[in-house]
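Undergrad: Structure file model_35.csv, CSV, C-alpha atoms (C1' of nucleotides), is pasted below:
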```csv
chain,number,residue,atom,x,y,z
E,1229,MET,CA,56.7,40.3,-92.4
E,1230,THR,CA,56.9,38.9,-95.9
E,1231,ASN,CA,56.3,40.4,-99.3
E,1232,ALA,CA,55.2,37.0,-100.7
E,1233,GLN,CA,51.6,37.0,-101.7
E,1234,PRO,CA,49.6,34.2,-100.0
E,1235,SER,CA,46.6,32.8,-101.8
E,1236,LYS,CA,44.4,33.4,-98.8
E,1237,ILE,CA,44.5,35.9,-95.9
E,1238,ARG,CA,42.8,35.9,-92.5
E,1239,ILE,CA,41.7,39.3,-91.3
E,1240,ALA,CA,40.6,39.7,-87.7
E,1241,SER,CA,39.2,42.5,-85.5
E,1242,PHE,CA,39.7,42.6,-81.7
E,1243,ASN,CA,38.7,45.2,-79.2
E,1244,VAL,CA,41.4,44.5,-76.6
E,1245,ASN,CA,40.3,46.9,-73.9
E,1246,SER,CA,43.9,48.2,-73.3
E,1247,VAL,CA,46.7,46.7,-75.4
E,1248,LYS,CA,49.1,47.0,-72.5
E,1249,ALA,CA,46.8,45.1,-70.0
E,1250,ARG,CA,46.0,42.6,-72.7
E,1251,LEU,CA,49.5,42.0,-74.1
E,1252,PRO,CA,50.1,38.4,-72.9
E,1253,ASN,CA,46.6,37.4,-74.1
E,1254,LEU,CA,47.1,39.2,-77.4
E,1255,LEU,CA,50.6,37.6,-78.1
E,1256,ALA,CA,49.2,34.1,-77.3
E,1257,TRP,CA,46.3,34.7,-79.6
E,1258,LEU,CA,48.5,35.9,-82.4
E,1259,ARG,CA,50.6,32.8,-82.1
E,1260,GLU,CA,47.6,30.4,-81.9
E,1261,PHE,CA,45.2,31.9,-84.4
E,1262,ALA,CA,47.8,33.3,-86.7
E,1263,PRO,CA,45.8,36.1,-88.4
E,1264,ASP,CA,47.5,37.9,-91.3
E,1265,VAL,CA,46.0,41.2,-90.5
E,1266,VAL,CA,44.6,42.5,-87.2
E,1267,LEU,CA,42.4,45.5,-86.5
E,1268,LEU,CA,42.7,46.5,-82.8
E,1269,GLN,CA,40.4,48.8,-80.9
E,1270,GLU,CA,40.6,50.5,-77.5
E,1271,ILE,CA,44.3,50.3,-77.2
E,1272,LYS,CA,44.1,53.1,-74.6
E,1273,CYS,CA,47.6,54.4,-75.0
E,1274,VAL,CA,49.5,56.9,-77.1
E,1275,ASP,CA,51.6,55.7,-80.0
E,1276,ASP,CA,54.9,55.9,-78.1
E,1277,ALA,CA,53.5,53.6,-75.4
E,1278,PHE,CA,52.3,50.9,-77.8
E,1279,PRO,CA,54.1,47.6,-77.2
E,1280,ARG,CA,55.5,47.7,-80.7
E,1281,LEU,CA,58.7,45.6,-80.1
E,1282,GLU,CA,56.8,42.7,-78.6
E,1283,ILE,CA,54.3,42.7,-81.5
E,1284,GLU,CA,57.0,43.0,-84.1
E,1285,ASP,CA,58.8,40.0,-82.5
E,1286,ALA,CA,55.6,38.0,-83.0
E,1287,GLY,CA,56.0,38.6,-86.7
E,1288,TYR,CA,53.8,41.7,-87.4
E,1289,ASN,CA,54.3,45.2,-88.7
E,1290,VAL,CA,52.5,47.8,-86.6
E,1291,ALA,CA,50.7,51.1,-87.3
E,1292,SER,CA,48.8,52.8,-84.5
E,1293,HIS,CA,46.5,55.8,-83.9
E,1294,GLY,CA,46.6,56.1,-80.2
E,1295,GLN,CA,45.2,58.4,-77.5
E,1296,LYS,CA,45.8,58.6,-73.7
E,1297,THR,CA,43.4,56.6,-71.5
E,1298,TYR,CA,40.6,56.3,-74.0
E,1299,ASN,CA,39.9,54.9,-77.5
E,1300,GLY,CA,42.8,54.3,-79.8
E,1301,VAL,CA,43.0,51.9,-82.8
E,1302,ALA,CA,45.9,50.0,-84.5
E,1303,ILE,CA,46.6,47.8,-87.5
E,1304,LEU,CA,48.9,44.8,-87.4
E,1305,SER,CA,50.0,42.9,-90.5
E,1306,LYS,CA,52.4,40.2,-91.6
E,1307,SER,CA,52.8,42.3,-94.7
E,1308,PRO,CA,54.1,45.8,-95.0
E,1309,ILE,CA,51.6,48.4,-94.0
E,1310,GLU,CA,51.3,51.2,-96.6
E,1311,ASP,CA,49.4,54.5,-97.1
E,1312,VAL,CA,48.3,54.9,-93.5
E,1313,SER,CA,45.6,57.4,-92.9
E,1314,ARG,CA,44.7,58.4,-89.3
E,1315,GLY,CA,41.4,59.8,-88.2
E,1316,LEU,CA,37.8,59.9,-89.6
E,1317,PRO,CA,37.3,62.8,-92.0
E,1318,GLY,CA,34.4,65.2,-91.6
E,1319,ASP,CA,35.0,67.0,-88.3
E,1320,GLU,CA,38.3,68.8,-87.7
E,1321,SER,CA,37.3,69.4,-84.1
E,1322,ASP,CA,37.0,65.7,-83.3
E,1323,VAL,CA,40.1,64.6,-81.2
E,1324,GLN,CA,38.9,61.0,-80.4
E,1325,ALA,CA,41.2,58.3,-81.9
E,1326,ARG,CA,38.6,56.0,-83.4
E,1327,TYR,CA,39.5,55.4,-87.0
E,1328,MET,CA,42.5,54.6,-89.3
E,1329,GLU,CA,43.0,53.1,-92.7
E,1330,ALA,CA,45.9,51.3,-94.4
E,1331,THR,CA,46.8,49.1,-97.3
E,1332,VAL,CA,48.1,45.6,-96.6
E,1333,PHE,CA,49.3,42.8,-98.8
E,1334,GLY,CA,49.8,45.4,-101.5
E,1335,LYS,CA,46.1,45.6,-102.5
E,1336,VAL,CA,43.8,45.2,-99.6
E,1337,ARG,CA,42.5,48.4,-98.0
E,1338,VAL,CA,41.5,48.0,-94.3
E,1339,ALA,CA,40.0,50.3,-91.8
E,1340,ALA,CA,40.0,49.9,-88.0
E,1341,ILE,CA,36.8,51.3,-86.5
E,1342,TYR,CA,35.9,52.0,-82.9
E,1343,LEU,CA,32.5,53.5,-83.2
E,1344,PRO,CA,31.3,55.6,-80.3
E,1345,ASN,CA,29.2,53.8,-77.7
E,1346,GLY,CA,26.6,56.7,-77.4
E,1347,ASN,CA,25.3,56.0,-73.9
E,1348,PRO,CA,23.3,57.4,-72.3
E,1349,VAL,CA,20.7,58.0,-75.0
E,1350,GLY,CA,19.4,61.6,-75.1
E,1351,THR,CA,22.8,63.1,-74.4
E,1352,GLU,CA,25.5,64.7,-76.6
E,1353,LYS,CA,27.2,61.3,-76.5
E,1354,PHE,CA,24.3,59.8,-78.5
E,1355,SER,CA,24.2,62.6,-81.0
E,1356,TYR,CA,28.0,62.3,-81.4
E,1357,LYS,CA,27.6,58.6,-82.2
E,1358,LEU,CA,24.9,59.3,-84.8
E,1359,ALA,CA,27.0,62.1,-86.4
E,1360,TRP,CA,30.1,59.8,-86.4
E,1361,MET,CA,28.1,57.2,-88.3
E,1362,ASP,CA,27.1,59.7,-90.9
E,1363,ARG,CA,30.8,60.7,-91.3
E,1364,LEU,CA,31.7,57.0,-91.6
E,1365,ARG,CA,29.1,56.5,-94.3
E,1366,ALA,CA,30.4,59.5,-96.2
E,1367,ARG,CA,34.0,58.1,-96.1
E,1368,MET,CA,32.7,54.7,-97.2
E,1369,VAL,CA,31.0,56.3,-100.2
E,1370,GLU,CA,34.4,57.9,-101.2
E,1371,GLN,CA,36.3,54.7,-100.8
E,1372,LEU,CA,33.8,52.6,-102.7
E,1373,ALA,CA,34.4,54.8,-105.8
E,1374,ASP,CA,37.9,53.3,-105.8
E,1375,ASP,CA,36.6,49.8,-106.5
E,1376,GLU,CA,39.1,48.3,-104.2
E,1377,ILE,CA,39.2,45.2,-102.0
E,1378,THR,CA,38.2,47.0,-98.8
E,1379,VAL,CA,37.3,45.7,-95.3
E,1380,TRP,CA,36.0,48.0,-92.6
E,1381,GLY,CA,36.4,46.1,-89.4
E,1382,GLY,CA,35.9,46.9,-85.8
E,1383,ASP,CA,33.7,47.5,-82.8
E,1384,TYR,CA,30.6,49.2,-84.3
E,1385,ASN,CA,28.8,49.5,-81.0
E,1386,VAL,CA,25.4,48.6,-82.6
E,1387,ILE,CA,23.3,45.4,-82.0
E,1388,PRO,CA,21.8,45.2,-85.5
E,1389,THR,CA,18.8,42.9,-84.7
E,1390,ASP,CA,17.1,41.2,-81.8
E,1391,GLY,CA,18.8,38.0,-82.9
E,1392,ASP,CA,22.2,39.5,-82.1
E,1393,VAL,CA,21.6,39.8,-78.3
E,1394,TRP,CA,20.8,37.2,-75.6
E,1395,ASP,CA,17.7,39.2,-74.4
E,1396,PRO,CA,16.6,42.3,-76.4
E,1397,ARG,CA,14.5,43.5,-73.4
E,1398,ALA,CA,17.5,43.7,-71.2
E,1399,MET,CA,19.2,46.1,-73.7
E,1400,LYS,CA,16.2,48.0,-75.1
E,1401,ASP,CA,17.1,51.4,-73.6
E,1402,ASP,CA,20.8,51.1,-74.5
E,1403,ALA,CA,22.3,53.2,-77.3
E,1404,LEU,CA,23.5,50.0,-79.0
E,1405,MET,CA,19.9,49.0,-79.7
E,1406,GLN,CA,18.1,52.3,-80.5
E,1407,PRO,CA,16.2,52.4,-83.8
E,1408,GLU,CA,18.4,55.3,-84.9
E,1409,SER,CA,21.6,53.4,-84.3
E,1410,ARG,CA,20.2,50.4,-86.2
E,1411,ALA,CA,18.9,52.4,-89.1
E,1412,LYS,CA,22.3,54.1,-89.6
E,1413,PHE,CA,24.1,50.7,-89.4
E,1414,ARG,CA,21.7,49.4,-92.1
E,1415,SER,CA,22.5,52.5,-94.2
E,1416,LEU,CA,26.1,51.4,-94.2
E,1417,LEU,CA,25.1,47.9,-95.5
E,1418,HIS,CA,22.8,49.5,-98.0
E,1419,LEU,CA,25.8,51.0,-99.7
E,1420,GLY,CA,26.3,47.4,-101.0
E,1421,LEU,CA,28.5,46.1,-98.3
E,1422,THR,CA,28.6,42.5,-97.1
E,1423,GLU,CA,29.0,41.9,-93.3
E,1424,ALA,CA,31.1,38.8,-93.1
E,1425,VAL,CA,30.3,37.4,-89.6
E,1426,ARG,CA,26.6,37.5,-89.9
E,1427,THR,CA,26.7,36.2,-93.5
E,1428,PHE,CA,28.4,33.0,-92.3
E,1429,ASN,CA,26.3,32.8,-89.2
E,1430,PRO,CA,22.8,33.6,-90.4
E,1431,ALA,CA,21.0,31.8,-87.5
E,1432,GLY,CA,22.1,34.6,-85.1
E,1433,HIS,CA,22.9,34.4,-81.4
E,1434,VAL,CA,26.6,34.4,-82.2
E,1435,TYR,CA,28.2,37.0,-79.9
E,1436,SER,CA,31.5,39.0,-79.7
E,1437,PHE,CA,31.0,40.8,-76.4
E,1438,TRP,CA,30.1,39.6,-72.9
E,1439,ASP,CA,30.0,42.1,-70.0
E,1440,TYR,CA,32.5,41.6,-67.1
E,1441,GLN,CA,29.6,41.9,-64.7
E,1442,ARG,CA,26.8,39.6,-63.5
E,1443,GLY,CA,28.5,36.5,-64.8
E,1444,ALA,CA,27.6,37.4,-68.4
E,1445,TRP,CA,30.2,35.1,-70.0
E,1446,GLN,CA,29.3,32.1,-67.9
E,1447,LYS,CA,25.6,32.6,-68.7
E,1448,ASP,CA,26.3,33.4,-72.4
E,1449,HIS,CA,24.6,36.8,-71.9
E,1450,GLY,CA,26.4,38.4,-74.9
E,1451,PHE,CA,25.8,40.4,-78.0
E,1452,LEU,CA,27.3,40.9,-81.4
E,1453,ILE,CA,28.7,44.3,-82.0
E,1454,ASP,CA,32.1,43.6,-83.8
E,1455,PHE,CA,31.8,43.3,-87.6
E,1456,LEU,CA,33.8,43.1,-90.8
E,1457,LEU,CA,32.1,45.1,-93.6
E,1458,CYS,CA,33.3,44.1,-97.0
E,1459,SER,CA,33.3,46.0,-100.3
E,1460,PRO,CA,31.9,44.1,-103.3
E,1461,GLN,CA,35.4,43.3,-104.4
E,1462,ALA,CA,36.2,41.9,-100.9
E,1463,ALA,CA,32.9,40.0,-100.7
E,1464,ASP,CA,33.7,38.3,-104.0
E,1465,ARG,CA,36.8,36.9,-102.3
E,1466,LEU,CA,35.2,36.0,-98.9
E,1467,THR,CA,35.5,32.3,-98.2
E,1468,SER,CA,34.6,32.1,-94.5
E,1469,ALA,CA,34.1,34.2,-91.3
E,1470,GLY,CA,33.3,33.7,-87.7
E,1471,VAL,CA,33.9,34.5,-84.1
E,1472,ASP,CA,36.9,33.1,-82.1
E,1473,LYS,CA,35.4,32.6,-78.7
E,1474,ALA,CA,38.5,31.1,-77.1
E,1475,PRO,CA,40.2,34.4,-75.9
E,1476,ARG,CA,37.1,35.5,-73.9
E,1477,GLY,CA,37.3,32.4,-71.7
E,1478,GLN,CA,40.9,33.0,-70.6
E,1479,GLU,CA,42.3,34.7,-67.6
E,1480,LYS,CA,42.5,38.5,-67.8
E,1481,ALA,CA,40.3,38.5,-70.9
E,1482,SER,CA,39.0,41.5,-72.8
E,1483,ASP,CA,35.2,41.8,-72.6
E,1484,HIS,CA,35.3,41.4,-76.4
E,1485,THR,CA,36.5,38.4,-78.4
E,1486,PRO,CA,38.0,38.5,-82.0
E,1487,VAL,CA,35.9,38.3,-85.1
E,1488,TRP,CA,37.6,37.1,-88.4
E,1489,CYS,CA,37.2,36.5,-92.1
E,1490,GLU,CA,39.2,34.9,-94.8
E,1491,LEU,CA,39.7,36.3,-98.3
E,1492,SER,CA,41.2,34.5,-101.3
E,1493,LEU,CA,43.6,36.8,-103.1
L,731,DA,C1',17.0,53.1,-59.0
L,732,DT,C1',21.9,51.5,-58.4
L,733,DG,C1',25.9,48.7,-58.6
L,734,DC,C1',27.6,44.7,-60.2
L,735,DC,C1',33.5,44.3,-63.3
L,736,DA,C1',37.7,46.1,-65.4
L,737,DG,C1',41.1,49.6,-67.0
L,738,DG,C1',43.3,54.1,-66.6
L,739,DT,C1',44.7,58.1,-64.1
L,740,DA,C1',45.9,59.9,-60.2
L,741,DA,C1',45.9,59.5,-55.8
L,742,DC,C1',44.1,55.9,-52.1
L,743,DA,C1',38.2,58.2,-55.6
L,744,DC,C1',36.4,59.0,-60.0
L,745,DC,C1',35.6,58.5,-65.0
L,746,DT,C1',34.4,55.5,-68.9
L,747,DG,C1',32.7,51.5,-70.9
L,748,DA,C1',28.4,48.5,-73.3
```
Could I get this file's structure written as structure tokens?

TA:
Amino acid sequence: MTNAQPSKIRIASFNVNSVKARLPNLLAWLREFAPDVVLLQEIKCVDDAFPRLEIEDAGYNVASHGQKTYNGVAILSKSPIEDVSRGLPGDESDVQARYMEATVFGKVRVAAIYLPNGNPVGTEKFSYKLAWMDRLRARMVEQLADDEITVWGGDYNVIPTDGDVWDPRAMKDDALMQPESRAKFRSLLHLGLTEAVRTFNPAGHVYSFWDYQRGAWQKDHGFLIDFLLCSPQAADRLTSAGVDKAPRGQEKASDHTPVWCELSL
DNA sequence: ATGCCAGGTAACACCTGA
């Protein structure tokens, strides 16, 4: 919790699948990986139930946008967290807690994103996903006009290409792989954004999610759906990025593992 | 075609996830 400006910061995104169930794993990972900023998804609790004190004791400031049982995002930072904005603009009737923004280290704008899953295809859940992606794009356009160092990180629930999944045939009917989902994800990148994880792992078959079922982790039956989208000003400062697979192999793991990038400031 | 596993809620079954 320092105001000192480090020369390089490490930003990570982690879908924890319940912050309360994952607290021991999360605290151990914060200690070992030592990210400066963390974007959390699926905290699955209201703000009053967030384990704030434990996280603060680990050296992080906390801002959350929670919801009972489902969804919920949060931002952790070793720096003060300023100008917090909760919720994705564009639909006043949307009550799902899937989006928040804040400024960290005085000049880096981050957004925590939990994009709707959208299954099953052909239902209102899939149309909600596509509409949510349109709203996200509109918000990105607004933010890009500010010419800031911005990173939109999170669980995008899209498998962008066949090289991002162990077997495209196994997932072909899934909302994560539909041409419409992929086209809308590409439309985000076409705004001029740089996706950090795939930029530093161009060969593909680097995954951030493995299902709990069917021994997916042991067989490496995973896919990549967690991303860090960087504005041009963030991309200019991008020095490395990747996936930290270690947390997925531990007891009581989330089905996702963290993705991360480093920016020189 | 369905459940497989995990979490939450609420109640000892069902919903959601990806």

Undergrad: Would you work out the distance separating atom CA of Gly1334 of chain E from atom CA of Asp1374 of chain E, expressed in Å to one decimal?

TA: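 One can read the atom CA of Gly1334 of chain E to atom CA of Asp1374 of chain E distance as 14.9 Å.
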
Undergrad: List as a Markdown table every residue of chain E that is in contact with chain L, defined as an atom at most 9 Å from one of its atoms (using all atoms listed in the file), together with the nearest atom pair and the distance in Å rounded to one decimal, sorted by chain and then rising number.

TA:
```
| residue | atom | partner | partner_atom | distance |
| --- | --- | --- | --- | --- |
| E:Asn1245 | CA | L:DG737 | C1' | 7.5 |
| E:Ser1246 | CA | L:DG737 | C1' | 7.0 |
| E:Ala1249 | CA | L:DG737 | C1' | 7.9 |
| E:Lys1272 | CA | L:DG738 | C1' | 8.1 |
| E:Lys1296 | CA | L:DG738 | C1' | 8.8 |
| E:Thr1297 | CA | L:DG738 | C1' | 5.5 |
| E:Tyr1298 | CA | L:DT746 | C1' | 8.1 |
| E:Asn1345 | CA | L:DA748 | C1' | 6.9 |
| E:Asn1347 | CA | L:DA748 | C1' | 8.1 |
| E:Asn1385 | CA | L:DA748 | C1' | 7.8 |
| E:Asp1402 | CA | L:DA748 | C1' | 8.1 |
| E:Ala1403 | CA | L:DA748 | C1' | 8.7 |
| E:Leu1404 | CA | L:DA748 | C1' | 7.7 |
| E:Phe1437 | CA | L:DA748 | C1' | 8.7 |
| E:Asp1439 | CA | L:DA748 | C1' | 7.4 |
| E:Tyr1440 | CA | L:DC735 | C1' | 4.8 |
| E:Gln1441 | CA | L:DC735 | C1' | 4.8 |
| E:Arg1442 | CA | L:DC734 | C1' | 6.1 |
| E:Ser1482 | CA | L:DA736 | C1' | 8.8 |
| E:Asp1483 | CA | L:DA736 | C1' | 8.8 |
```

Undergrad: Let me make sure I understand: among E:Asp1395, E:Glu1490, E:Asp1472, E:Asp1448, which one has the smallest atom-to-atom distance to Phe1261 of chain E if we use only C-alpha atoms?

TA: E:Asp1472

Undergrad: Write out as a list in words the residues lying within 6 Å of Ala1340 of chain E, counting all atoms listed in the file and excluding same-chain residues fewer than 3 positions away.

TA: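 That gives Leu1267, Tyr1327, Met1328, Gly1381 and Gly1382 of chain E.
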
Undergrad: Please, what distance in Å, to one decimal, runs between atom CA of Asp1264 of chain E and atom CA of Glu1284 of chain E?

TA: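 Calculated distance between atom CA of Asp1264 of chain E and atom CA of Glu1284 of chain E is 13.0 Å.
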
Undergrad: Taking into account only C-alpha atoms, which residue in the set E:Glu1376, E:Glu1408, E:Glu1370, E:Glu1310 is nearest to Phe1354 of chain E?

TA: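 Closest residue, counting only C-alpha atoms: E:Glu1408.
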
Undergrad: Using all atoms listed in the file for the distances, tell me which of E:Pro1308, E:Pro1388, E:Pro1263, E:Pro1348 is nearest to Lys1412 of chain E.

TA: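 Ranked by minimum distance to Lys1412 of chain E, first place goes to E:Pro1388.
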
Undergrad: Would you save segment 1366-1451 of chain E from the block above with C-alpha atoms, as a PDB file, in the first residue's frame?

TA:
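Result file selection-v7.pdb:
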```pdb
ATOM      1  CA  ALA E1366     -19.040   1.064 -26.670  1.00  0.00           C
ATOM      2  CA  ARG E1367     -17.432   1.676 -23.271  1.00  0.00           C
ATOM      3  CA  MET E1368     -13.980   0.866 -24.672  1.00  0.00           C
ATOM      4  CA  VAL E1369     -14.506   3.410 -27.458  1.00  0.00           C
ATOM      5  CA  GLU E1370     -15.313   6.065 -24.831  1.00  0.00           C
ATOM      6  CA  GLN E1371     -12.264   5.209 -22.760  1.00  0.00           C
ATOM      7  CA  LEU E1372      -9.889   5.074 -25.724  1.00  0.00           C
ATOM      8  CA  ALA E1373     -10.671   8.728 -26.405  1.00  0.00           C
ATOM      9  CA  ASP E1374      -8.912   9.514 -23.102  1.00  0.00           C
ATOM     10  CA  ASP E1375      -5.542   8.211 -24.421  1.00  0.00           C
ATOM     11  CA  GLU E1376      -4.768   6.575 -21.085  1.00  0.00           C
ATOM     12  CA  ILE E1377      -2.750   3.535 -20.057  1.00  0.00           C
ATOM     13  CA  THR E1378      -5.717   1.153 -19.844  1.00  0.00           C
ATOM     14  CA  VAL E1379      -5.946  -2.604 -19.312  1.00  0.00           C
ATOM     15  CA  TRP E1380      -9.287  -4.409 -19.590  1.00  0.00           C
ATOM     16  CA  GLY E1381      -8.654  -7.769 -17.930  1.00  0.00           C
ATOM     17  CA  GLY E1382     -10.870 -10.661 -17.104  1.00  0.00           C
ATOM     18  CA  ASP E1383     -12.798 -13.759 -18.020  1.00  0.00           C
ATOM     19  CA  TYR E1384     -14.042 -12.987 -21.534  1.00  0.00           C
ATOM     20  CA  ASN E1385     -15.779 -16.360 -21.960  1.00  0.00           C
ATOM     21  CA  VAL E1386     -14.672 -16.512 -25.613  1.00  0.00           C
ATOM     22  CA  ILE E1387     -12.272 -19.022 -27.202  1.00  0.00           C
ATOM     23  CA  PRO E1388     -10.910 -16.728 -29.919  1.00  0.00           C
ATOM     24  CA  THR E1389      -9.411 -19.358 -32.262  1.00  0.00           C
ATOM     25  CA  ASP E1390      -9.167 -23.129 -32.649  1.00  0.00           C
ATOM     26  CA  GLY E1391      -5.585 -22.824 -31.365  1.00  0.00           C
ATOM     27  CA  ASP E1392      -6.918 -21.697 -27.981  1.00  0.00           C
ATOM     28  CA  VAL E1393      -8.642 -24.994 -27.135  1.00  0.00           C
ATOM     29  CA  TRP E1394      -7.413 -28.562 -26.754  1.00  0.00           C
ATOM     30  CA  ASP E1395     -10.046 -29.883 -29.190  1.00  0.00           C
ATOM     31  CA  PRO E1396     -12.256 -27.492 -31.152  1.00  0.00           C
ATOM     32  CA  ARG E1397     -14.672 -30.322 -32.024  1.00  0.00           C
ATOM     33  CA  ALA E1398     -15.418 -30.949 -28.362  1.00  0.00           C
ATOM     34  CA  MET E1399     -16.490 -27.323 -27.897  1.00  0.00           C
ATOM     35  CA  LYS E1400     -18.013 -26.508 -31.280  1.00  0.00           C
ATOM     36  CA  ASP E1401     -21.587 -26.102 -30.019  1.00  0.00           C
ATOM     37  CA  ASP E1402     -20.556 -24.066 -26.986  1.00  0.00           C
ATOM     38  CA  ALA E1403     -21.336 -20.344 -26.706  1.00  0.00           C
ATOM     39  CA  LEU E1404     -17.609 -19.695 -26.156  1.00  0.00           C
ATOM     40  CA  MET E1405     -16.783 -20.866 -29.687  1.00  0.00           C
ATOM     41  CA  GLN E1406     -19.662 -19.493 -31.757  1.00  0.00           C
ATOM     42  CA  PRO E1407     -18.713 -17.381 -34.801  1.00  0.00           C
ATOM     43  CA  GLU E1408     -20.784 -14.495 -33.361  1.00  0.00           C
ATOM     44  CA  SER E1409     -18.862 -14.619 -30.061  1.00  0.00           C
ATOM     45  CA  ARG E1410     -15.540 -14.727 -31.888  1.00  0.00           C
ATOM     46  CA  ALA E1411     -16.490 -11.894 -34.256  1.00  0.00           C
ATOM     47  CA  LYS E1412     -17.468  -9.632 -31.369  1.00  0.00           C
ATOM     48  CA  PHE E1413     -14.228 -10.454 -29.531  1.00  0.00           C
ATOM     49  CA  ARG E1414     -12.283  -9.574 -32.688  1.00  0.00           C
ATOM     50  CA  SER E1415     -14.253  -6.318 -32.919  1.00  0.00           C
ATOM     51  CA  LEU E1416     -12.784  -5.382 -29.532  1.00  0.00           C
ATOM     52  CA  LEU E1417      -9.251  -6.059 -30.768  1.00  0.00           C
ATOM     53  CA  HIS E1418      -9.988  -4.115 -33.963  1.00  0.00           C
ATOM     54  CA  LEU E1419     -10.363  -0.988 -31.853  1.00  0.00           C
ATOM     55  CA  GLY E1420      -6.574  -1.097 -31.735  1.00  0.00           C
ATOM     56  CA  LEU E1421      -6.143  -3.102 -28.557  1.00  0.00           C
ATOM     57  CA  THR E1422      -3.309  -5.547 -27.897  1.00  0.00           C
ATOM     58  CA  GLU E1423      -4.134  -8.776 -26.061  1.00  0.00           C
ATOM     59  CA  ALA E1424      -1.119  -9.422 -23.837  1.00  0.00           C
ATOM     60  CA  VAL E1425      -1.291 -13.181 -23.191  1.00  0.00           C
ATOM     61  CA  ARG E1426      -1.583 -14.272 -26.812  1.00  0.00           C
ATOM     62  CA  THR E1427       0.939 -11.665 -27.956  1.00  0.00           C
ATOM     63  CA  PHE E1428       3.591 -13.323 -25.805  1.00  0.00           C
ATOM     64  CA  ASN E1429       2.378 -16.872 -26.574  1.00  0.00           C
ATOM     65  CA  PRO E1430       1.779 -16.772 -30.329  1.00  0.00           C
ATOM     66  CA  ALA E1431       2.067 -20.532 -30.805  1.00  0.00           C
ATOM     67  CA  GLY E1432      -1.220 -21.067 -28.962  1.00  0.00           C
ATOM     68  CA  HIS E1433      -2.373 -23.987 -26.837  1.00  0.00           C
ATOM     69  CA  VAL E1434      -1.719 -22.003 -23.682  1.00  0.00           C
ATOM     70  CA  TYR E1435      -4.768 -22.322 -21.465  1.00  0.00           C
ATOM     71  CA  SER E1436      -6.326 -20.503 -18.498  1.00  0.00           C
ATOM     72  CA  PHE E1437      -9.284 -22.815 -17.763  1.00  0.00           C
ATOM     73  CA  TRP E1438      -9.648 -26.545 -17.187  1.00  0.00           C
ATOM     74  CA  ASP E1439     -13.022 -28.033 -16.280  1.00  0.00           C
ATOM     75  CA  TYR E1440     -13.361 -29.765 -12.922  1.00  0.00           C
ATOM     76  CA  GLN E1441     -14.933 -32.718 -14.711  1.00  0.00           C
ATOM     77  CA  ARG E1442     -13.548 -35.625 -16.712  1.00  0.00           C
ATOM     78  CA  GLY E1443      -9.987 -35.130 -15.452  1.00  0.00           C
ATOM     79  CA  ALA E1444      -9.562 -32.122 -17.728  1.00  0.00           C
ATOM     80  CA  TRP E1445      -6.588 -30.695 -15.781  1.00  0.00           C
ATOM     81  CA  GLN E1446      -4.684 -33.993 -15.725  1.00  0.00           C
ATOM     82  CA  LYS E1447      -5.239 -34.448 -19.484  1.00  0.00           C
ATOM     83  CA  ASP E1448      -4.558 -30.760 -20.263  1.00  0.00           C
ATOM     84  CA  HIS E1449      -8.009 -30.446 -21.808  1.00  0.00           C
ATOM     85  CA  GLY E1450      -8.142 -26.686 -21.354  1.00  0.00           C
ATOM     86  CA  PHE E1451      -8.901 -23.495 -23.175  1.00  0.00           C
TER      87      PHE E1451
END
```
